[in-house]
file run38.cif (mmCIF, C-alpha atoms)
data_entry
#
loop_
_atom_site.group_PDB
_atom_site.id
_atom_site.type_symbol
_atom_site.label_atom_id
_atom_site.label_comp_id
_atom_site.auth_asym_id
_atom_site.auth_seq_id
_atom_site.Cartn_x
_atom_site.Cartn_y
_atom_site.Cartn_z
ATOM 1 C CA MET M 167 90.368 112.532 109.029
ATOM 2 C CA ILE M 168 92.226 111.671 105.838
ATOM 3 C CA VAL M 169 93.292 114.696 103.792
ATOM 4 C CA VAL M 170 93.805 114.404 100.034
ATOM 5 C CA ALA M 171 96.084 117.099 98.589
ATOM 6 C CA GLY M 172 96.261 117.738 94.860
ATOM 7 C CA GLU M 173 94.497 118.883 91.738
ATOM 8 C CA ALA M 174 90.865 118.933 90.697
ATOM 9 C CA LEU M 175 90.178 119.243 86.976
ATOM 10 C CA ILE M 176 87.759 118.463 84.183
ATOM 11 C CA ASP M 177 88.252 115.339 82.066
ATOM 12 C CA LEU M 178 86.941 115.715 78.517
ATOM 13 C CA VAL M 179 86.006 112.150 77.597
ATOM 14 C CA PRO M 180 85.410 111.189 73.930
ATOM 15 C CA GLN M 181 81.991 109.768 73.134
ATOM 16 C CA GLY M 182 83.096 108.050 69.951
ATOM 17 C CA THR M 183 86.137 107.374 67.808
ATOM 18 C CA GLY M 184 88.315 109.762 65.861
ATOM 19 C CA ALA M 185 89.988 113.066 66.632
ATOM 20 C CA LEU M 186 86.734 115.047 66.348
ATOM 21 C CA ALA M 187 84.541 112.814 68.501
ATOM 22 C CA ALA M 188 82.218 114.693 70.846
ATOM 23 C CA LEU M 189 83.689 115.284 74.287
ATOM 24 C CA ARG M 190 81.770 114.872 77.534
ATOM 25 C CA PRO M 191 83.033 116.887 80.521
ATOM 26 C CA ALA M 192 83.539 114.822 83.661
ATOM 27 C CA LEU M 193 84.763 115.824 87.104
ATOM 28 C CA GLY M 194 88.231 114.431 87.713
ATOM 29 C CA GLY M 195 91.865 114.660 88.706
ATOM 30 C CA GLY M 196 93.650 111.874 90.548
ATOM 31 C CA PRO M 197 93.550 113.417 94.040
ATOM 32 C CA TYR M 198 89.995 114.643 93.485
ATOM 33 C CA ASN M 199 88.848 111.134 92.536
ATOM 34 C CA THR M 200 90.627 109.737 95.600
ATOM 35 C CA ALA M 201 88.772 112.168 97.859
ATOM 36 C CA VAL M 202 85.417 111.255 96.305
ATOM 37 C CA ALA M 203 86.182 107.544 96.655
ATOM 38 C CA LEU M 204 87.122 107.945 100.316
ATOM 39 C CA GLY M 205 83.877 109.818 100.959
ATOM 40 C CA ARG M 206 81.822 107.120 99.250
ATOM 41 C CA LEU M 207 83.551 104.421 101.270
ATOM 42 C CA GLY M 208 82.653 106.266 104.461
ATOM 43 C CA SER M 209 85.984 107.695 105.580
ATOM 44 C CA PRO M 210 86.084 111.180 107.117
ATOM 45 C CA VAL M 211 87.964 113.050 104.400
ATOM 46 C CA ALA M 212 88.997 116.595 103.472
ATOM 47 C CA PHE M 213 90.277 117.979 100.169
ATOM 48 C CA CYS M 214 93.231 120.396 100.048
ATOM 49 C CA SER M 215 93.661 122.126 96.701
ATOM 50 C CA ARG M 216 93.099 125.359 94.781
ATOM 51 C CA VAL M 217 89.896 125.469 92.730
ATOM 52 C CA SER M 218 88.618 128.011 90.201
ATOM 53 C CA TYR M 219 85.600 130.240 90.751
ATOM 54 C CA ASP M 220 84.390 129.293 87.253
ATOM 55 C CA ALA M 221 81.413 127.000 86.606
ATOM 56 C CA PHE M 222 83.638 123.912 86.421
ATOM 57 C CA GLY M 223 85.160 124.796 89.783
ATOM 58 C CA GLU M 224 81.738 125.161 91.380
ATOM 59 C CA ALA M 225 80.686 121.791 89.978
ATOM 60 C CA LEU M 226 83.840 120.177 91.363
ATOM 61 C CA LEU M 227 83.137 121.507 94.850
ATOM 62 C CA ASP M 228 79.444 120.620 94.677
ATOM 63 C CA ARG M 229 80.289 116.958 94.125
ATOM 64 C CA LEU M 230 82.754 116.931 97.002
ATOM 65 C CA ARG M 231 80.178 118.415 99.356
ATOM 66 C CA ALA M 232 77.527 115.951 98.177
ATOM 67 C CA THR M 233 79.936 113.101 98.935
ATOM 68 C CA GLY M 234 80.589 114.373 102.448
ATOM 69 C CA VAL M 235 84.091 115.690 101.767
ATOM 70 C CA ASP M 236 85.232 118.635 103.905
ATOM 71 C CA VAL M 237 86.206 121.422 101.491
ATOM 72 C CA SER M 238 87.290 123.970 104.097
ATOM 73 C CA PRO M 239 91.005 123.566 103.151
ATOM 74 C CA VAL M 240 90.281 124.432 99.493
ATOM 75 C CA GLN M 241 91.801 127.656 98.197
ATOM 76 C CA ARG M 242 89.990 129.544 95.426
ATOM 77 C CA GLY M 243 91.169 131.534 92.412
ATOM 78 C CA ALA M 244 89.808 133.448 89.423
ATOM 79 C CA GLU M 245 91.925 131.477 86.953
ATOM 80 C CA PRO M 246 90.239 128.795 84.779
ATOM 81 C CA THR M 247 89.972 125.118 85.657
ATOM 82 C CA THR M 248 92.538 122.707 84.211
ATOM 83 C CA LEU M 249 91.260 120.534 81.337
ATOM 84 C CA ALA M 250 92.426 116.992 80.562
ATOM 85 C CA VAL M 251 91.418 115.521 77.203
ATOM 86 C CA ALA M 252 91.181 111.745 77.449
ATOM 87 C CA SER M 253 91.620 109.196 74.688
ATOM 88 C CA LEU M 254 90.563 105.570 75.150
ATOM 89 C CA ASP M 255 92.158 102.550 73.497
ATOM 90 C CA GLY M 256 90.433 99.302 72.619
ATOM 91 C CA ASP M 257 90.506 97.896 76.167
ATOM 92 C CA GLY M 258 89.270 101.085 77.813
ATOM 93 C CA SER M 259 92.662 102.305 79.034
ATOM 94 C CA ALA M 260 92.898 106.094 79.118
ATOM 95 C CA ALA M 261 95.661 108.468 78.032
ATOM 96 C CA TYR M 262 95.516 112.239 78.511
ATOM 97 C CA SER M 263 96.622 115.562 77.079
ATOM 98 C CA PHE M 264 96.395 118.599 79.338
ATOM 99 C CA TYR M 265 95.534 122.292 79.155
ATOM 100 C CA VAL M 266 97.238 123.711 82.239
ATOM 101 C CA ASP M 267 98.708 127.143 81.457
ATOM 102 C CA GLY M 268 97.475 129.770 83.900
ATOM 103 C CA THR M 269 94.980 127.452 85.600
ATOM 104 C CA ALA M 270 93.833 127.745 89.197
ATOM 105 C CA ASP M 271 95.096 124.483 90.679
ATOM 106 C CA ARG M 272 98.753 125.002 89.765
ATOM 107 C CA LEU M 273 98.823 128.198 91.883
ATOM 108 C CA PHE M 274 98.234 126.298 95.135
ATOM 109 C CA SER M 275 100.140 127.750 98.097
ATOM 110 C CA LEU M 276 101.250 126.139 101.349
ATOM 111 C CA PRO M 277 98.320 126.191 103.803
ATOM 112 C CA ALA M 278 98.701 127.465 107.359
ATOM 113 C CA GLY M 279 97.530 124.090 108.663
ATOM 114 C CA LEU M 280 95.391 121.031 108.065
ATOM 115 C CA PRO M 281 92.079 120.045 109.706
ATOM 116 C CA SER M 282 92.296 118.913 113.305
ATOM 117 C CA GLY M 283 92.401 115.162 113.694
ATOM 118 C CA THR M 284 94.277 114.615 110.421
ATOM 119 C CA ARG M 285 95.673 111.064 110.517
ATOM 120 C CA ALA M 286 96.921 110.748 106.940
ATOM 121 C CA VAL M 287 97.599 112.919 103.894
ATOM 122 C CA SER M 288 97.632 111.631 100.311
ATOM 123 C CA PHE M 289 99.616 113.307 97.497
ATOM 124 C CA GLY M 290 100.197 112.738 93.805
ATOM 125 C CA THR M 291 99.662 113.195 90.072
ATOM 126 C CA CYS M 292 99.891 116.542 88.237
ATOM 127 C CA SER M 293 100.017 118.585 91.434
ATOM 128 C CA LEU M 294 103.585 117.416 92.088
ATOM 129 C CA VAL M 295 104.710 118.374 88.570
ATOM 130 C CA LEU M 296 103.265 121.796 87.767
ATOM 131 C CA GLU M 297 104.982 124.780 89.349
ATOM 132 C CA PRO M 298 104.680 126.855 91.407
ATOM 133 C CA GLY M 299 102.111 124.660 93.150
ATOM 134 C CA ALA M 300 104.327 121.555 92.984
ATOM 135 C CA SER M 301 106.845 123.096 95.367
ATOM 136 C CA ALA M 302 104.072 124.017 97.803
ATOM 137 C CA TYR M 303 102.690 120.454 97.775
ATOM 138 C CA GLU M 304 106.222 119.118 98.208
ATOM 139 C CA GLU M 305 106.755 121.344 101.241
ATOM 140 C CA LEU M 306 103.425 120.198 102.678
ATOM 141 C CA LEU M 307 104.501 116.561 102.191
ATOM 142 C CA ARG M 308 107.768 117.117 104.032
ATOM 143 C CA GLU M 309 106.164 119.117 106.862
ATOM 144 C CA THR M 310 103.385 116.569 107.307
ATOM 145 C CA ALA M 311 105.817 113.652 107.484
ATOM 146 C CA ALA M 312 108.064 115.532 109.918
ATOM 147 C CA ARG M 313 105.084 115.830 112.291
ATOM 148 C CA GLY M 314 104.635 112.048 112.208
ATOM 149 C CA VAL M 315 101.474 112.044 110.086
ATOM 150 C CA PHE M 316 101.024 109.054 107.768
ATOM 151 C CA THR M 317 101.690 110.065 104.148
ATOM 152 C CA ALA M 318 100.705 108.339 100.909
ATOM 153 C CA LEU M 319 102.113 109.054 97.452
ATOM 154 C CA ASP M 320 100.821 108.019 94.025
ATOM 155 C CA PRO M 321 103.069 109.622 91.366
ATOM 156 C CA ASN M 322 100.533 108.657 88.645
ATOM 157 C CA ILE M 323 102.951 109.666 85.907
ATOM 158 C CA ARG M 324 101.699 111.909 83.113
ATOM 159 C CA ALA M 325 104.821 111.962 80.950
ATOM 160 C CA GLY M 326 103.509 114.695 78.656
ATOM 161 C CA LEU M 327 103.576 117.148 81.559
ATOM 162 C CA ILE M 328 107.181 116.381 82.592
ATOM 163 C CA PRO M 329 109.684 118.418 80.541
ATOM 164 C CA ASP M 330 112.773 116.943 82.231
ATOM 165 C CA PRO M 331 112.236 113.250 83.110
ATOM 166 C CA ASP M 332 115.615 112.839 84.823
ATOM 167 C CA ALA M 333 115.007 115.850 87.057
ATOM 168 C CA TYR M 334 111.582 114.499 87.997
ATOM 169 C CA ARG M 335 113.004 111.047 88.776
ATOM 170 C CA ALA M 336 115.561 112.651 91.089
ATOM 171 C CA ARG M 337 112.836 114.681 92.747
ATOM 172 C CA PHE M 338 110.709 111.574 93.195
ATOM 173 C CA LYS M 339 113.573 109.870 95.029
ATOM 174 C CA SER M 340 113.920 112.922 97.291
ATOM 175 C CA TRP M 341 110.276 112.502 98.403
ATOM 176 C CA LEU M 342 110.635 108.903 99.520
ATOM 177 C CA PRO M 343 112.065 109.585 103.008
ATOM 178 C CA SER M 344 108.832 111.524 103.689
ATOM 179 C CA VAL M 345 106.492 108.805 102.349
ATOM 180 C CA SER M 346 104.790 106.100 104.436
ATOM 181 C CA LEU M 347 102.916 104.316 101.617
ATOM 182 C CA LEU M 348 103.974 104.416 97.972
ATOM 183 C CA LYS M 349 101.383 103.223 95.476
ATOM 184 C CA LEU M 350 102.115 103.169 91.767
ATOM 185 C CA SER M 351 101.196 101.287 88.631
ATOM 186 C CA ALA M 352 103.533 98.894 86.871
ATOM 187 C CA GLU M 353 103.756 101.456 84.051
ATOM 188 C CA ASP M 354 104.738 104.192 86.519
ATOM 189 C CA ALA M 355 107.359 101.895 88.029
ATOM 190 C CA GLU M 356 108.882 101.178 84.619
ATOM 191 C CA TRP M 357 108.983 104.891 83.728
ATOM 192 C CA LEU M 358 110.544 105.886 87.052
ATOM 193 C CA GLY M 359 113.104 103.078 87.165
ATOM 194 C CA GLY M 360 114.204 101.376 90.352
ATOM 195 C CA THR M 361 112.661 98.513 92.300
ATOM 196 C CA PRO M 362 110.329 98.164 95.281
ATOM 197 C CA GLY M 363 113.329 97.128 97.385
ATOM 198 C CA GLU M 364 115.216 100.303 96.480
ATOM 199 C CA TRP M 365 112.212 102.480 97.213
ATOM 200 C CA LEU M 366 111.558 100.764 100.553
ATOM 201 C CA ALA M 367 115.175 101.331 101.572
ATOM 202 C CA ALA M 368 114.657 105.060 100.991
ATOM 203 C CA GLY M 369 111.757 105.408 103.421
ATOM 204 C CA PRO M 370 108.274 103.967 102.768
ATOM 205 C CA ALA M 371 106.874 101.310 105.080
ATOM 206 C CA ALA M 372 105.172 99.640 102.108
ATOM 207 C CA VAL M 373 105.053 99.823 98.312
ATOM 208 C CA VAL M 374 101.957 98.703 96.414
ATOM 209 C CA VAL M 375 102.275 98.056 92.666
ATOM 210 C CA THR M 376 99.114 97.703 90.579
ATOM 211 C CA ARG M 377 98.973 95.690 87.354
ATOM 212 C CA GLY M 378 95.496 96.413 86.052
ATOM 213 C CA GLY M 379 93.421 93.278 85.629
ATOM 214 C CA ASP M 380 96.357 91.142 86.800
ATOM 215 C CA GLY M 381 95.980 92.393 90.364
ATOM 216 C CA LEU M 382 98.271 94.150 92.803
ATOM 217 C CA THR M 383 101.237 93.368 95.038
ATOM 218 C CA ALA M 384 102.407 94.881 98.324
ATOM 219 C CA PHE M 385 106.074 94.892 99.304
ATOM 220 C CA THR M 386 107.174 95.613 102.875
ATOM 221 C CA ARG M 387 110.458 96.516 104.544
ATOM 222 C CA ASP M 388 110.803 93.099 106.190
ATOM 223 C CA GLY M 389 110.905 91.401 102.797
ATOM 224 C CA GLY M 390 107.206 90.587 102.691
ATOM 225 C CA GLU M 391 105.535 90.272 99.284
ATOM 226 C CA TYR M 392 101.770 89.834 99.110
ATOM 227 C CA THR M 393 99.775 89.496 95.876
ATOM 228 C CA VAL M 394 96.079 89.285 95.078
ATOM 229 C CA PRO M 395 94.580 88.760 91.600
ATOM 230 C CA GLY M 396 92.417 91.331 89.905
ATOM 231 C CA GLU M 397 88.646 91.010 90.061
ATOM 232 C CA ARG M 398 87.227 89.937 86.711
ATOM 233 C CA VAL M 399 84.793 92.468 85.326
ATOM 234 C CA GLU M 400 83.601 93.766 81.959
ATOM 235 C CA VAL M 401 85.690 96.911 81.621
ATOM 236 C CA VAL M 402 83.969 100.064 80.358
ATOM 237 C CA ASP M 403 87.062 102.197 80.999
ATOM 238 C CA THR M 404 89.854 102.453 83.565
ATOM 239 C CA ILE M 405 89.391 106.134 84.438
ATOM 240 C CA GLY M 406 89.773 106.560 88.197
ATOM 241 C CA ALA M 407 90.700 102.932 88.906
ATOM 242 C CA GLY M 408 94.107 103.754 90.387
ATOM 243 C CA ASP M 409 92.619 106.578 92.423
ATOM 244 C CA THR M 410 90.059 104.137 93.793
ATOM 245 C CA VAL M 411 92.890 101.809 94.837
ATOM 246 C CA ASN M 412 94.495 104.728 96.715
ATOM 247 C CA ALA M 413 91.272 105.414 98.551
ATOM 248 C CA ALA M 414 90.596 101.765 99.335
ATOM 249 C CA LEU M 415 94.083 101.273 100.753
ATOM 250 C CA LEU M 416 93.816 104.335 102.990
ATOM 251 C CA HIS M 417 90.267 103.485 104.042
ATOM 252 C CA GLY M 418 91.273 99.911 104.827
ATOM 253 C CA LEU M 419 94.356 100.952 106.791
ATOM 254 C CA ALA M 420 92.289 103.410 108.813
ATOM 255 C CA ALA M 421 89.683 100.735 109.536
ATOM 256 C CA ARG M 422 92.487 98.492 110.831
ATOM 257 C CA ASN M 423 93.970 101.350 112.896
ATOM 258 C CA ALA M 424 97.101 100.865 110.790
ATOM 259 C CA LEU M 425 97.915 104.412 109.676
ATOM 260 C CA GLY M 426 101.463 104.189 110.970
ATOM 261 C CA ASP M 427 104.696 102.572 109.861
ATOM 262 C CA ALA M 428 104.786 100.063 112.728
ATOM 263 C CA ALA M 429 101.154 99.102 112.199
ATOM 264 C CA VAL M 430 101.739 98.611 108.471
ATOM 265 C CA ALA M 431 104.660 96.334 109.280
ATOM 266 C CA ALA M 432 102.430 94.292 111.595
ATOM 267 C CA LEU M 433 99.665 93.603 109.056
ATOM 268 C CA GLY M 434 101.093 90.247 107.978
ATOM 269 C CA PRO M 435 99.796 87.950 105.221
ATOM 270 C CA ASP M 436 96.148 87.899 106.313
ATOM 271 C CA GLY M 437 95.994 91.642 106.810
ATOM 272 C CA TRP M 438 97.528 92.388 103.428
ATOM 273 C CA ALA M 439 95.340 89.812 101.674
ATOM 274 C CA GLY M 440 92.224 91.449 103.060
ATOM 275 C CA LEU M 441 93.404 94.975 102.315
ATOM 276 C CA LEU M 442 94.560 94.271 98.771
ATOM 277 C CA GLY M 443 91.475 92.204 97.997
ATOM 278 C CA PHE M 444 89.270 95.082 99.114
ATOM 279 C CA ALA M 445 91.220 97.479 96.866
ATOM 280 C CA ALA M 446 90.919 95.091 93.908
ATOM 281 C CA ARG M 447 87.151 94.820 94.351
ATOM 282 C CA ALA M 448 86.775 98.579 94.615
ATOM 283 C CA ALA M 449 88.828 99.188 91.457
ATOM 284 C CA ALA M 450 86.808 96.588 89.547
ATOM 285 C CA VAL M 451 83.572 98.420 90.337
ATOM 286 C CA THR M 452 85.090 101.655 89.030
ATOM 287 C CA CYS M 453 86.212 99.948 85.813
ATOM 288 C CA SER M 454 82.730 98.524 85.261
ATOM 289 C CA ARG M 455 81.186 101.951 84.646
ATOM 290 C CA ALA M 456 82.049 104.986 82.574
ATOM 291 C CA GLY M 457 84.260 107.694 84.024
ATOM 292 C CA ALA M 458 85.606 108.035 87.544
ATOM 293 C CA GLU M 459 82.662 106.583 89.465
ATOM 294 C CA PRO M 460 84.154 104.854 92.515
ATOM 295 C CA PRO M 461 82.043 102.489 94.602
ATOM 296 C CA TYR M 462 80.067 103.104 97.751
ATOM 297 C CA ALA M 463 80.886 100.958 100.778
ATOM 298 C CA HIS M 464 77.961 98.585 100.283
ATOM 299 C CA GLU M 465 79.179 97.728 96.772
ATOM 300 C CA VAL M 466 82.470 96.252 98.008
ATOM 301 C CA THR M 467 81.722 94.938 101.491
ATOM 302 C CA GLY M 468 78.661 92.822 100.824
#
call {"tool": "encode", "arguments": {"input": "run38.cif", "output": "structure tokens"}}
result
Amino acid sequence: MIVVAGEALIDLVPQGTGALAALRPALGGGPYNTAVALGRLGSPVAFCSRVSYDAFGEALLDRLRATGVDVSPVQRGAEPTTLAVASLDGDGSAAYSFYVDGTADRLFSLPAGLPSGTRAVSFGTCSLVLEPGASAYEELLRETAARGVFTALDPNIRAGLIPDPDAYRARFKSWLPSVSLLKLSAEDAEWLGGTPGEWLAAGPAAVVVTRGGDGLTAFTRDGGEYTVPGERVEVVDTIGAGDTVNAALLHGLAARNALGDAAVAALGPDGWAGLLGFAARAAAVTCSRAGAEPPYAHEVTG
């Protein structure tokens, strides 16, 4: 079982140009998309979050159930669902503004436990920014790592939600001793500062940096550096592409029985080439269609 911990929200995606373009609601949130992608790839997966009782919240849970995601760890609340308004540039890259005050997901509290058989837990995005839930997710990260469970972190920076960048950067560094796999985009890396070598020295067994269509690179503690190119595809938009990479990496590590620091270190060039290539193919499928629509296993393994 892989558990994904973090927010579920509604993306409002423009259907044209201009500030008053019609908006289409789409199910989203970085951790939510990761859970859906893991389910589509065939991994046993559970979602740990706090979801509204409103109609958006019900729709979010319906999709998880339809994808085979265990929703038993989900907390519920009467507060509204978080909204993220997307804007797309000429190459399909998405930026977001958020409506988060008093919403259900930011009131997440530390759960009593996680599903039996949990082998890995993935964290990231808005859930590690918005209090009071951020502190609860942080505590869950530390407790999970202390029990020897494999942990993955994708900070997925949303700068507009971070009132004190320096404080967040310091907090990010404090998470690293509890992180097994750090995945982040080149843009996240630039915003956070630091280098893969510095982050590896703080704790993770591996750091994976994504560069959009230019591919992705894994860095390991032993000085390994493994790069694969991006898969060429006609991009509709990039919504959910990074979340798909998260899922593909975790799914691939689980398939290789490599959800552990020592096993990650033992992957070697061939193992990393296969894993990163799989993640690149999965992300390309997501980019080829509108919204966060990650691939099913047969779309990336054929």
call {"tool": "residues_around", "arguments": {"input": "run38.cif", "residues": "M:Ala286", "least_positions_apart": "2", "cutoff": "9 Å", "atoms": "only C-alpha atoms", "output": "MDAnalysis selection string"}}
result
chainID M and resid 167:170 284 288 310 315:318 416 420 425:426
call {"tool": "residues_around", "arguments": {"input": "run38.cif", "residues": "M:Arg455", "least_positions_apart": "3", "cutoff": "8 Å", "atoms": "all atoms listed in the file", "output": "list in words"}}
result
Val401, Val402, Asp403, Val451, Thr452 and Glu459 of chain M
call {"tool": "residues_around", "arguments": {"input": "run38.cif", "residues": "M:Ala414", "least_positions_apart": "4", "cutoff": "12 Å", "atoms": "only C-alpha atoms", "output": "PyMOL selection string"}}
result
chain M and resi 168+199-209+349+407-410+418-421+440-452+460-463+466-467
call {"tool": "write_last_selection", "arguments": {"input": "run38.cif", "atoms": "C-alpha atoms", "output": "PDB file, in the coordinates of the input"}}
result
ATOM      1  CA  ILE M 168      92.226 111.671 105.838  1.00  0.00           C
ATOM      2  CA  ASN M 199      88.848 111.134  92.536  1.00  0.00           C
ATOM      3  CA  THR M 200      90.627 109.737  95.600  1.00  0.00           C
ATOM      4  CA  ALA M 201      88.772 112.168  97.859  1.00  0.00           C
ATOM      5  CA  VAL M 202      85.417 111.255  96.305  1.00  0.00           C
ATOM      6  CA  ALA M 203      86.182 107.544  96.655  1.00  0.00           C
ATOM      7  CA  LEU M 204      87.122 107.945 100.316  1.00  0.00           C
ATOM      8  CA  GLY M 205      83.877 109.818 100.959  1.00  0.00           C
ATOM      9  CA  ARG M 206      81.822 107.120  99.250  1.00  0.00           C
ATOM     10  CA  LEU M 207      83.551 104.421 101.270  1.00  0.00           C
ATOM     11  CA  GLY M 208      82.653 106.266 104.461  1.00  0.00           C
ATOM     12  CA  SER M 209      85.984 107.695 105.580  1.00  0.00           C
ATOM     13  CA  LYS M 349     101.383 103.223  95.476  1.00  0.00           C
ATOM     14  CA  ALA M 407      90.700 102.932  88.906  1.00  0.00           C
ATOM     15  CA  GLY M 408      94.107 103.754  90.387  1.00  0.00           C
ATOM     16  CA  ASP M 409      92.619 106.578  92.423  1.00  0.00           C
ATOM     17  CA  THR M 410      90.059 104.137  93.793  1.00  0.00           C
ATOM     18  CA  GLY M 418      91.273  99.911 104.827  1.00  0.00           C
ATOM     19  CA  LEU M 419      94.356 100.952 106.791  1.00  0.00           C
ATOM     20  CA  ALA M 420      92.289 103.410 108.813  1.00  0.00           C
ATOM     21  CA  ALA M 421      89.683 100.735 109.536  1.00  0.00           C
ATOM     22  CA  GLY M 440      92.224  91.449 103.060  1.00  0.00           C
ATOM     23  CA  LEU M 441      93.404  94.975 102.315  1.00  0.00           C
ATOM     24  CA  LEU M 442      94.560  94.271  98.771  1.00  0.00           C
ATOM     25  CA  GLY M 443      91.475  92.204  97.997  1.00  0.00           C
ATOM     26  CA  PHE M 444      89.270  95.082  99.114  1.00  0.00           C
ATOM     27  CA  ALA M 445      91.220  97.479  96.866  1.00  0.00           C
ATOM     28  CA  ALA M 446      90.919  95.091  93.908  1.00  0.00           C
ATOM     29  CA  ARG M 447      87.151  94.820  94.351  1.00  0.00           C
ATOM     30  CA  ALA M 448      86.775  98.579  94.615  1.00  0.00           C
ATOM     31  CA  ALA M 449      88.828  99.188  91.457  1.00  0.00           C
ATOM     32  CA  ALA M 450      86.808  96.588  89.547  1.00  0.00           C
ATOM     33  CA  VAL M 451      83.572  98.420  90.337  1.00  0.00           C
ATOM     34  CA  THR M 452      85.090 101.655  89.030  1.00  0.00           C
ATOM     35  CA  PRO M 460      84.154 104.854  92.515  1.00  0.00           C
ATOM     36  CA  PRO M 461      82.043 102.489  94.602  1.00  0.00           C
ATOM     37  CA  TYR M 462      80.067 103.104  97.751  1.00  0.00           C
ATOM     38  CA  ALA M 463      80.886 100.958 100.778  1.00  0.00           C
ATOM     39  CA  VAL M 466      82.470  96.252  98.008  1.00  0.00           C
ATOM     40  CA  THR M 467      81.722  94.938 101.491  1.00  0.00           C
TER      41      THR M 467
END
call {"tool": "residues_near_point", "arguments": {"input": "run38.cif", "point": "(93.4, 123.4, 111.3)", "cutoff": "8 Å", "atoms": "only C-alpha atoms", "output": "JSON, numbers by chain"}}
result
{"M": [278, 279, 280, 281, 282]}
call {"tool": "write_last_selection", "arguments": {"input": "run38.cif", "atoms": "C-alpha atoms", "output": "short mmCIF file (atom, residue, chain, number, x, y, z; two decimals), in the frame of the given file"}}
result
data_model
loop_
_atom_site.label_atom_id
_atom_site.label_comp_id
_atom_site.auth_asym_id
_atom_site.auth_seq_id
_atom_site.Cartn_x
_atom_site.Cartn_y
_atom_site.Cartn_z
CA ALA M 278 98.70 127.46 107.36
CA GLY M 279 97.53 124.09 108.66
CA LEU M 280 95.39 121.03 108.06
CA PRO M 281 92.08 120.04 109.71
CA SER M 282 92.30 118.91 113.30
#
call {"tool": "resolve_selection", "arguments": {"input": "run38.cif", "expression": "the PyMOL selection byres ((chain M and resi 369-384) around 7)", "output": "PyMOL selection string"}}
result
chain M and resi 342-352+362+365-368+385-387+391-397+427+430-431+446
call {"tool": "residues_around", "arguments": {"input": "run38.cif", "residues": "stretch 211-218 of chain M", "least_positions_apart": "5", "cutoff": "10 Å", "atoms": "only C-alpha atoms", "output": "PyMOL selection string"}}
result
chain M and resi 167-175+197-198+200-206+223-224+226-227+230-231+233-248+269-277+280-281+284+286-289+293+299+303+417
call {"tool": "write_last_selection", "arguments": {"input": "run38.cif", "atoms": "C-alpha atoms", "output": "CSV table (one decimal), in the coordinates of the input"}}
result
chain,number,residue,atom,x,y,z
M,167,MET,CA,90.4,112.5,109.0
M,168,ILE,CA,92.2,111.7,105.8
M,169,VAL,CA,93.3,114.7,103.8
M,170,VAL,CA,93.8,114.4,100.0
M,171,ALA,CA,96.1,117.1,98.6
M,172,GLY,CA,96.3,117.7,94.9
M,173,GLU,CA,94.5,118.9,91.7
M,174,ALA,CA,90.9,118.9,90.7
M,175,LEU,CA,90.2,119.2,87.0
M,197,PRO,CA,93.6,113.4,94.0
M,198,TYR,CA,90.0,114.6,93.5
M,200,THR,CA,90.6,109.7,95.6
M,201,ALA,CA,88.8,112.2,97.9
M,202,VAL,CA,85.4,111.3,96.3
M,203,ALA,CA,86.2,107.5,96.7
M,204,LEU,CA,87.1,107.9,100.3
M,205,GLY,CA,83.9,109.8,101.0
M,206,ARG,CA,81.8,107.1,99.2
M,223,GLY,CA,85.2,124.8,89.8
M,224,GLU,CA,81.7,125.2,91.4
M,226,LEU,CA,83.8,120.2,91.4
M,227,LEU,CA,83.1,121.5,94.8
M,230,LEU,CA,82.8,116.9,97.0
M,231,ARG,CA,80.2,118.4,99.4
M,233,THR,CA,79.9,113.1,98.9
M,234,GLY,CA,80.6,114.4,102.4
M,235,VAL,CA,84.1,115.7,101.8
M,236,ASP,CA,85.2,118.6,103.9
M,237,VAL,CA,86.2,121.4,101.5
M,238,SER,CA,87.3,124.0,104.1
M,239,PRO,CA,91.0,123.6,103.2
M,240,VAL,CA,90.3,124.4,99.5
M,241,GLN,CA,91.8,127.7,98.2
M,242,ARG,CA,90.0,129.5,95.4
M,243,GLY,CA,91.2,131.5,92.4
M,244,ALA,CA,89.8,133.4,89.4
M,245,GLU,CA,91.9,131.5,87.0
M,246,PRO,CA,90.2,128.8,84.8
M,247,THR,CA,90.0,125.1,85.7
M,248,THR,CA,92.5,122.7,84.2
M,269,THR,CA,95.0,127.5,85.6
M,270,ALA,CA,93.8,127.7,89.2
M,271,ASP,CA,95.1,124.5,90.7
M,272,ARG,CA,98.8,125.0,89.8
M,273,LEU,CA,98.8,128.2,91.9
M,274,PHE,CA,98.2,126.3,95.1
M,275,SER,CA,100.1,127.8,98.1
M,276,LEU,CA,101.2,126.1,101.3
M,277,PRO,CA,98.3,126.2,103.8
M,280,LEU,CA,95.4,121.0,108.1
M,281,PRO,CA,92.1,120.0,109.7
M,284,THR,CA,94.3,114.6,110.4
M,286,ALA,CA,96.9,110.7,106.9
M,287,VAL,CA,97.6,112.9,103.9
M,288,SER,CA,97.6,111.6,100.3
M,289,PHE,CA,99.6,113.3,97.5
M,293,SER,CA,100.0,118.6,91.4
M,299,GLY,CA,102.1,124.7,93.2
M,303,TYR,CA,102.7,120.5,97.8
M,417,HIS,CA,90.3,103.5,104.0
call {"tool": "atom_distance", "arguments": {"input": "run38.cif", "atom1": "atom CA of M:Gly360", "atom2": "atom CA of M:Pro435"}}
result
24.7 Å
call {"tool": "resolve_selection", "arguments": {"input": "run38.cif", "expression": "the PyMOL selection byres ((chain M and resi 325) around 10)", "output": "ChimeraX atom specification"}}
result
/M:262-263,292,295,322-324,326-331,354,357
call {"tool": "atom_distance", "arguments": {"input": "run38.cif", "atom1": "atom CA of M:Leu294", "atom2": "atom CA of M:Glu364"}}
result
21.2 Å
call {"tool": "residues_near_point", "arguments": {"input": "run38.cif", "point": "(80.1, 117.4, 90.6)", "cutoff": "6 Å", "atoms": "all atoms listed in the file", "output": "PyMOL selection string"}}
result
chain M and resi 225-226+228-229
